[in-house]
Amino acid sequence: MATIRVGTFNVENLFERPRAMSGQIGAGGSTVLDAHARLGGLLEEELYTPDVREQILAHLATLGLLRSDSAALAVLRQVRGRLLKRTGSLSAGTAETRVVASGRGDWVGWVDLVKDRVDELAMAHTARVIADVDADVLAVVEAESRVALKHFTDAGVVTRTGRPVYPHVMVIDGNDDRGIDVGLLTTKRATLRDIRTHVDDRDSSGRLIFGRDCPEYAVETAGGTRLTVLVNHFKSKGYGTQRESDATRRRQASRVAAIYRDLRARGQENVVVVGDLNDTPDSVPLRPLLERTDLRDVTTHPAFVGDGRPGTYANGTAGQKIDYVLLSPALFERTVGGSVFRRGVWGGTNGTLFEHYDTMSAPQHAASDHAALYADLDVA
């Protein structure tokens, strides 16, 4: 039996993370993230109508950027031309901020979220999880960039002789400017052969479908078996209205299902869909993928070894099952094992819900809020 391990792990950034996404910001962070996302779309409008200008100013106020280009959580970059004109003073009660650009063509710029360095012990625990899971093919969610991921694994996930465990590292920058892309790590036992991106896929109305990307990675094992791995990070529930986020995840699930069916129609039997889908198995948004394809969840396989907690996020409740390893029928039949790895997660208020690394003494030391998940496949 020649077994390879295929897994997924949301690392929640490796070196830097937007300050608004940190747990201590709480609900305020969600408001900022919502404003940032909506503002990004408004700034791309060809014409700034009075309504668009009013919305731009409202979101800038939420971000703290109405009177200054710099704030605690965000920075307005005005590279060429001007978006705003600020006059008067707050102390005198004469402060006024106006949108002076007539549309996207009048200026060049954007809004960045301020980032903080990730806790060093948390970084060490992230590397430890990756090393302990020991997957041959590992999908990585929320990596800043390929360079960051390669530096991280080259330095922190190595063999006893100091050689990188993962010589093959790939990340394609997606459509999210917060530095939370998806990527793939593979060992020498699983060589990366081909890549196809879906970063520009659009729906019938012209909207981009994927906030990050849904890259297709063709991987060849040492024995010559080929796998196609689709890595995903669907829209979060953390900001925006539920209706909007549900609709976005449904569009994403439908598109991934279509990509999967196309791969199968072209004769590719060994397909894996992995990542953070940000919704539960019984949710309406995920139905196109989970109920209208023949993909099978590894956690339903008899050889899968769970720990009594069905979820993958935070405390691991049923409502927190949002990370997946989905297998085509051929791979599900060749599954010989699998499990969830939770030792990098801080469980509960005091971290006592389940065993974690003994070097984790506070929530900020956790590798991630997500457990790693994997499947063992006999590819002989």
# chains A, B, ... in the order shown; residues from 1 in each chain; ligands from 1
$ residues_around --residues "Gln364 (chain A)" --least-positions-apart "2" --cutoff "10 Å" --atoms "only C-alpha atoms" --output "PDB file with all heavy atoms, in the first residue's frame"
ATOM      1  N   SER A  22      -8.290  40.718  14.155  1.00  0.00           N
ATOM      2  CA  SER A  22      -7.855  40.093  15.399  1.00  0.00           C
ATOM      3  C   SER A  22      -9.037  39.917  16.332  1.00  0.00           C
ATOM      4  O   SER A  22      -9.986  40.702  16.324  1.00  0.00           O
ATOM      5  CB  SER A  22      -6.778  40.939  16.085  1.00  0.00           C
ATOM      6  OG  SER A  22      -7.301  42.180  16.495  1.00  0.00           O
ATOM      7  N   GLY A  23      -8.972  38.859  17.147  1.00  0.00           N
ATOM      8  CA  GLY A  23     -10.085  38.539  18.031  1.00  0.00           C
ATOM      9  C   GLY A  23     -10.430  39.644  18.998  1.00  0.00           C
ATOM     10  O   GLY A  23     -11.590  39.846  19.341  1.00  0.00           O
ATOM     11  N   GLN A  24      -9.436  40.416  19.430  1.00  0.00           N
ATOM     12  CA  GLN A  24      -9.706  41.418  20.452  1.00  0.00           C
ATOM     13  C   GLN A  24     -10.500  42.618  19.921  1.00  0.00           C
ATOM     14  O   GLN A  24     -11.106  43.348  20.673  1.00  0.00           O
ATOM     15  CB  GLN A  24      -8.396  41.909  21.063  1.00  0.00           C
ATOM     16  CG  GLN A  24      -7.444  42.509  20.037  1.00  0.00           C
ATOM     17  CD  GLN A  24      -6.027  42.540  20.541  1.00  0.00           C
ATOM     18  OE1 GLN A  24      -5.652  41.761  21.407  1.00  0.00           O
ATOM     19  NE2 GLN A  24      -5.225  43.452  20.029  1.00  0.00           N
ATOM     20  N   VAL A 118       2.008  38.764  13.664  1.00  0.00           N
ATOM     21  CA  VAL A 118       1.440  37.626  14.377  1.00  0.00           C
ATOM     22  C   VAL A 118       2.352  37.274  15.548  1.00  0.00           C
ATOM     23  O   VAL A 118       3.577  37.385  15.458  1.00  0.00           O
ATOM     24  CB  VAL A 118       1.294  36.416  13.427  1.00  0.00           C
ATOM     25  CG1 VAL A 118       0.864  35.164  14.169  1.00  0.00           C
ATOM     26  CG2 VAL A 118       0.299  36.750  12.319  1.00  0.00           C
ATOM     27  N   ASP A 119       1.767  36.887  16.669  1.00  0.00           N
ATOM     28  CA  ASP A 119       2.536  36.492  17.854  1.00  0.00           C
ATOM     29  C   ASP A 119       3.567  35.424  17.477  1.00  0.00           C
ATOM     30  O   ASP A 119       3.256  34.450  16.781  1.00  0.00           O
ATOM     31  CB  ASP A 119       1.568  35.940  18.908  1.00  0.00           C
ATOM     32  CG  ASP A 119       2.267  35.528  20.180  1.00  0.00           C
ATOM     33  OD1 ASP A 119       2.689  34.361  20.272  1.00  0.00           O
ATOM     34  OD2 ASP A 119       2.397  36.370  21.087  1.00  0.00           O
ATOM     35  N   GLU A 120       4.816  35.594  17.940  1.00  0.00           N
ATOM     36  CA  GLU A 120       5.894  34.677  17.551  1.00  0.00           C
ATOM     37  C   GLU A 120       5.632  33.249  18.006  1.00  0.00           C
ATOM     38  O   GLU A 120       5.945  32.285  17.287  1.00  0.00           O
ATOM     39  CB  GLU A 120       7.230  35.182  18.097  1.00  0.00           C
ATOM     40  CG  GLU A 120       7.736  36.428  17.398  1.00  0.00           C
ATOM     41  CD  GLU A 120       9.164  36.751  17.750  1.00  0.00           C
ATOM     42  OE1 GLU A 120       9.856  35.880  18.324  1.00  0.00           O
ATOM     43  OE2 GLU A 120       9.601  37.877  17.444  1.00  0.00           O
ATOM     44  N   LEU A 121       5.052  33.085  19.190  1.00  0.00           N
ATOM     45  CA  LEU A 121       4.750  31.736  19.661  1.00  0.00           C
ATOM     46  C   LEU A 121       3.640  31.116  18.816  1.00  0.00           C
ATOM     47  O   LEU A 121       3.660  29.916  18.532  1.00  0.00           O
ATOM     48  CB  LEU A 121       4.351  31.770  21.131  1.00  0.00           C
ATOM     49  CG  LEU A 121       4.359  30.440  21.895  1.00  0.00           C
ATOM     50  CD1 LEU A 121       5.677  29.700  21.693  1.00  0.00           C
ATOM     51  CD2 LEU A 121       4.103  30.675  23.379  1.00  0.00           C
ATOM     52  N   ALA A 122       2.690  31.939  18.384  1.00  0.00           N
ATOM     53  CA  ALA A 122       1.636  31.442  17.499  1.00  0.00           C
ATOM     54  C   ALA A 122       2.235  30.963  16.182  1.00  0.00           C
ATOM     55  O   ALA A 122       1.812  29.936  15.632  1.00  0.00           O
ATOM     56  CB  ALA A 122       0.599  32.531  17.247  1.00  0.00           C
ATOM     57  N   TRP A 346      -7.049  26.780  20.649  1.00  0.00           N
ATOM     58  CA  TRP A 346      -7.360  27.067  22.048  1.00  0.00           C
ATOM     59  C   TRP A 346      -8.856  26.828  22.251  1.00  0.00           C
ATOM     60  O   TRP A 346      -9.680  27.556  21.726  1.00  0.00           O
ATOM     61  CB  TRP A 346      -7.005  28.509  22.373  1.00  0.00           C
ATOM     62  CG  TRP A 346      -7.214  28.924  23.801  1.00  0.00           C
ATOM     63  CD1 TRP A 346      -8.333  29.487  24.338  1.00  0.00           C
ATOM     64  CD2 TRP A 346      -6.271  28.825  24.874  1.00  0.00           C
ATOM     65  NE1 TRP A 346      -8.167  29.740  25.662  1.00  0.00           N
ATOM     66  CE2 TRP A 346      -6.901  29.351  26.026  1.00  0.00           C
ATOM     67  CE3 TRP A 346      -4.973  28.351  24.977  1.00  0.00           C
ATOM     68  CZ2 TRP A 346      -6.245  29.409  27.270  1.00  0.00           C
ATOM     69  CZ3 TRP A 346      -4.329  28.408  26.198  1.00  0.00           C
ATOM     70  CH2 TRP A 346      -4.966  28.937  27.327  1.00  0.00           C
ATOM     71  N   MET A 360       1.229  26.361  24.747  1.00  0.00           N
ATOM     72  CA  MET A 360       0.171  27.348  24.545  1.00  0.00           C
ATOM     73  C   MET A 360      -0.437  27.699  25.895  1.00  0.00           C
ATOM     74  O   MET A 360      -1.151  26.899  26.486  1.00  0.00           O
ATOM     75  CB  MET A 360      -0.923  26.789  23.619  1.00  0.00           C
ATOM     76  CG  MET A 360      -0.537  26.774  22.170  1.00  0.00           C
ATOM     77  SD  MET A 360      -1.700  25.842  21.102  1.00  0.00           S
ATOM     78  CE  MET A 360      -3.289  26.495  21.626  1.00  0.00           C
ATOM     79  N   SER A 361      -0.150  28.900  26.386  1.00  0.00           N
ATOM     80  CA  SER A 361      -0.641  29.305  27.711  1.00  0.00           C
ATOM     81  C   SER A 361      -1.668  30.426  27.637  1.00  0.00           C
ATOM     82  O   SER A 361      -2.166  30.874  28.671  1.00  0.00           O
ATOM     83  CB  SER A 361       0.531  29.747  28.595  1.00  0.00           C
ATOM     84  OG  SER A 361       1.254  30.812  27.983  1.00  0.00           O
ATOM     85  N   ALA A 362      -1.991  30.887  26.417  1.00  0.00           N
ATOM     86  CA  ALA A 362      -2.973  31.960  26.231  1.00  0.00           C
ATOM     87  C   ALA A 362      -3.555  31.853  24.827  1.00  0.00           C
ATOM     88  O   ALA A 362      -2.924  31.277  23.932  1.00  0.00           O
ATOM     89  CB  ALA A 362      -2.309  33.323  26.431  1.00  0.00           C
ATOM     90  N   ALA A 366      -2.290  30.464  20.130  1.00  0.00           N
ATOM     91  CA  ALA A 366      -2.844  29.402  19.295  1.00  0.00           C
ATOM     92  C   ALA A 366      -2.328  29.510  17.862  1.00  0.00           C
ATOM     93  O   ALA A 366      -2.119  30.610  17.349  1.00  0.00           O
ATOM     94  CB  ALA A 366      -4.363  29.452  19.310  1.00  0.00           C
ATOM     95  N   ALA A 367      -2.130  28.368  17.230  1.00  0.00           N
ATOM     96  CA  ALA A 367      -1.721  28.359  15.828  1.00  0.00           C
ATOM     97  C   ALA A 367      -2.813  28.934  14.953  1.00  0.00           C
ATOM     98  O   ALA A 367      -2.544  29.625  13.968  1.00  0.00           O
ATOM     99  CB  ALA A 367      -1.390  26.934  15.393  1.00  0.00           C
ATOM    100  N   SER A 368      -4.068  28.650  15.307  1.00  0.00           N
ATOM    101  CA  SER A 368      -5.212  29.069  14.507  1.00  0.00           C
ATOM    102  C   SER A 368      -6.480  28.794  15.298  1.00  0.00           C
ATOM    103  O   SER A 368      -6.463  28.052  16.285  1.00  0.00           O
ATOM    104  CB  SER A 368      -5.236  28.280  13.186  1.00  0.00           C
ATOM    105  OG  SER A 368      -6.408  28.545  12.445  1.00  0.00           O
TER     106      SER A 368
END
$ residues_around --residues "region 354-359 of chain A" --least-positions-apart "6" --cutoff "9 Å" --atoms "only C-alpha atoms" --output "ChimeraX atom specification"
/A:121,125,315,342-348,365-366
$ closest_atom_pairs --of "region 100-177 of chain A" --to "region 3-17 of chain A" --cutoff "9 Å" --atoms "only C-alpha atoms" --output "CSV"
residue,atom,partner,partner_atom,distance
A:Val114,CA,A:Arg17,CA,8.3
A:Lys115,CA,A:Arg17,CA,5.1
A:Asp116,CA,A:Glu16,CA,5.4
A:Arg117,CA,A:Glu16,CA,4.4
A:Val118,CA,A:Phe15,CA,5.2
A:Asp119,CA,A:Phe15,CA,8.2
A:Glu120,CA,A:Phe15,CA,8.4
A:Ala122,CA,A:Leu14,CA,8.8
A:Met123,CA,A:Leu14,CA,6.3
A:Thr126,CA,A:Val11,CA,6.6
A:Val129,CA,A:Phe9,CA,8.9
A:Ile130,CA,A:Phe9,CA,8.1
A:Val133,CA,A:Gly7,CA,8.3
A:Asp134,CA,A:Arg5,CA,7.6
A:Ala135,CA,A:Arg5,CA,4.7
A:Asp136,CA,A:Arg5,CA,5.2
A:Val137,CA,A:Val6,CA,4.7
A:Leu138,CA,A:Gly7,CA,4.8
A:Ala139,CA,A:Thr8,CA,4.5
A:Val140,CA,A:Phe9,CA,5.3
A:Val141,CA,A:Asn10,CA,4.4
A:Glu142,CA,A:Glu12,CA,5.1
A:Ala143,CA,A:Asn13,CA,5.0
A:Glu144,CA,A:Asn13,CA,6.0
A:Ala148,CA,A:Leu14,CA,7.3
A:Leu149,CA,A:Leu14,CA,7.3
A:Phe152,CA,A:Leu14,CA,7.2
$ select_by_dssp --residues "region 308-342 of chain A" --states "strand (DSSP E)" --output "ChimeraX atom specification"
/A:323-327,335-341
$ closest_residue --among "A:Ser89, A:Lys321, A:Asp176, A:Val273" --to "His36 (chain A)" --atoms "only C-alpha atoms"
A:Asp176
$ atom_distance --atom1 "CA of Val100 (chain A)" --atom2 "CA of Asn175 (chain A)"
26.9 Å
$ closest_residue --among "A:Thr280, A:Leu377, A:Thr94, A:Leu83" --to "Ala318 (chain A)" --atoms "only C-alpha atoms"
A:Thr280
$ residues_around --residues "Ala258 (chain A)" --least-positions-apart "3" --cutoff "12 Å" --atoms "only C-alpha atoms" --output "PyMOL selection string"
chain A and resi 198+201+214+230+251-255+261-265+288-289+292-293
$ write_last_selection --atoms "C-alpha atoms" --output "PDB file, in the first residue's frame"
ATOM      1  CA  HIS A 198     -10.153  30.771 -11.627  1.00  0.00           C
ATOM      2  CA  ASP A 201     -14.271  33.716 -13.152  1.00  0.00           C
ATOM      3  CA  CYS A 214     -10.276  28.438  -6.652  1.00  0.00           C
ATOM      4  CA  LEU A 230      -9.198  22.472  -5.781  1.00  0.00           C
ATOM      5  CA  ARG A 251     -22.410  31.277  -6.165  1.00  0.00           C
ATOM      6  CA  GLN A 252     -18.997  30.010  -5.123  1.00  0.00           C
ATOM      7  CA  ALA A 253     -20.290  26.522  -4.316  1.00  0.00           C
ATOM      8  CA  SER A 254     -22.130  26.362  -7.646  1.00  0.00           C
ATOM      9  CA  ARG A 255     -19.019  27.367  -9.573  1.00  0.00           C
ATOM     10  CA  ARG A 261     -18.119  18.183 -12.996  1.00  0.00           C
ATOM     11  CA  ASP A 262     -16.030  19.465 -15.913  1.00  0.00           C
ATOM     12  CA  LEU A 263     -12.927  17.746 -14.542  1.00  0.00           C
ATOM     13  CA  ARG A 264     -14.824  14.471 -14.183  1.00  0.00           C
ATOM     14  CA  ALA A 265     -16.269  14.811 -17.682  1.00  0.00           C
ATOM     15  CA  PRO A 288     -24.778  22.828  -4.971  1.00  0.00           C
ATOM     16  CA  LEU A 289     -21.459  21.314  -3.913  1.00  0.00           C
ATOM     17  CA  ARG A 292     -25.605  18.017  -6.205  1.00  0.00           C
ATOM     18  CA  THR A 293     -22.270  16.352  -6.899  1.00  0.00           C
TER      19      THR A 293
END
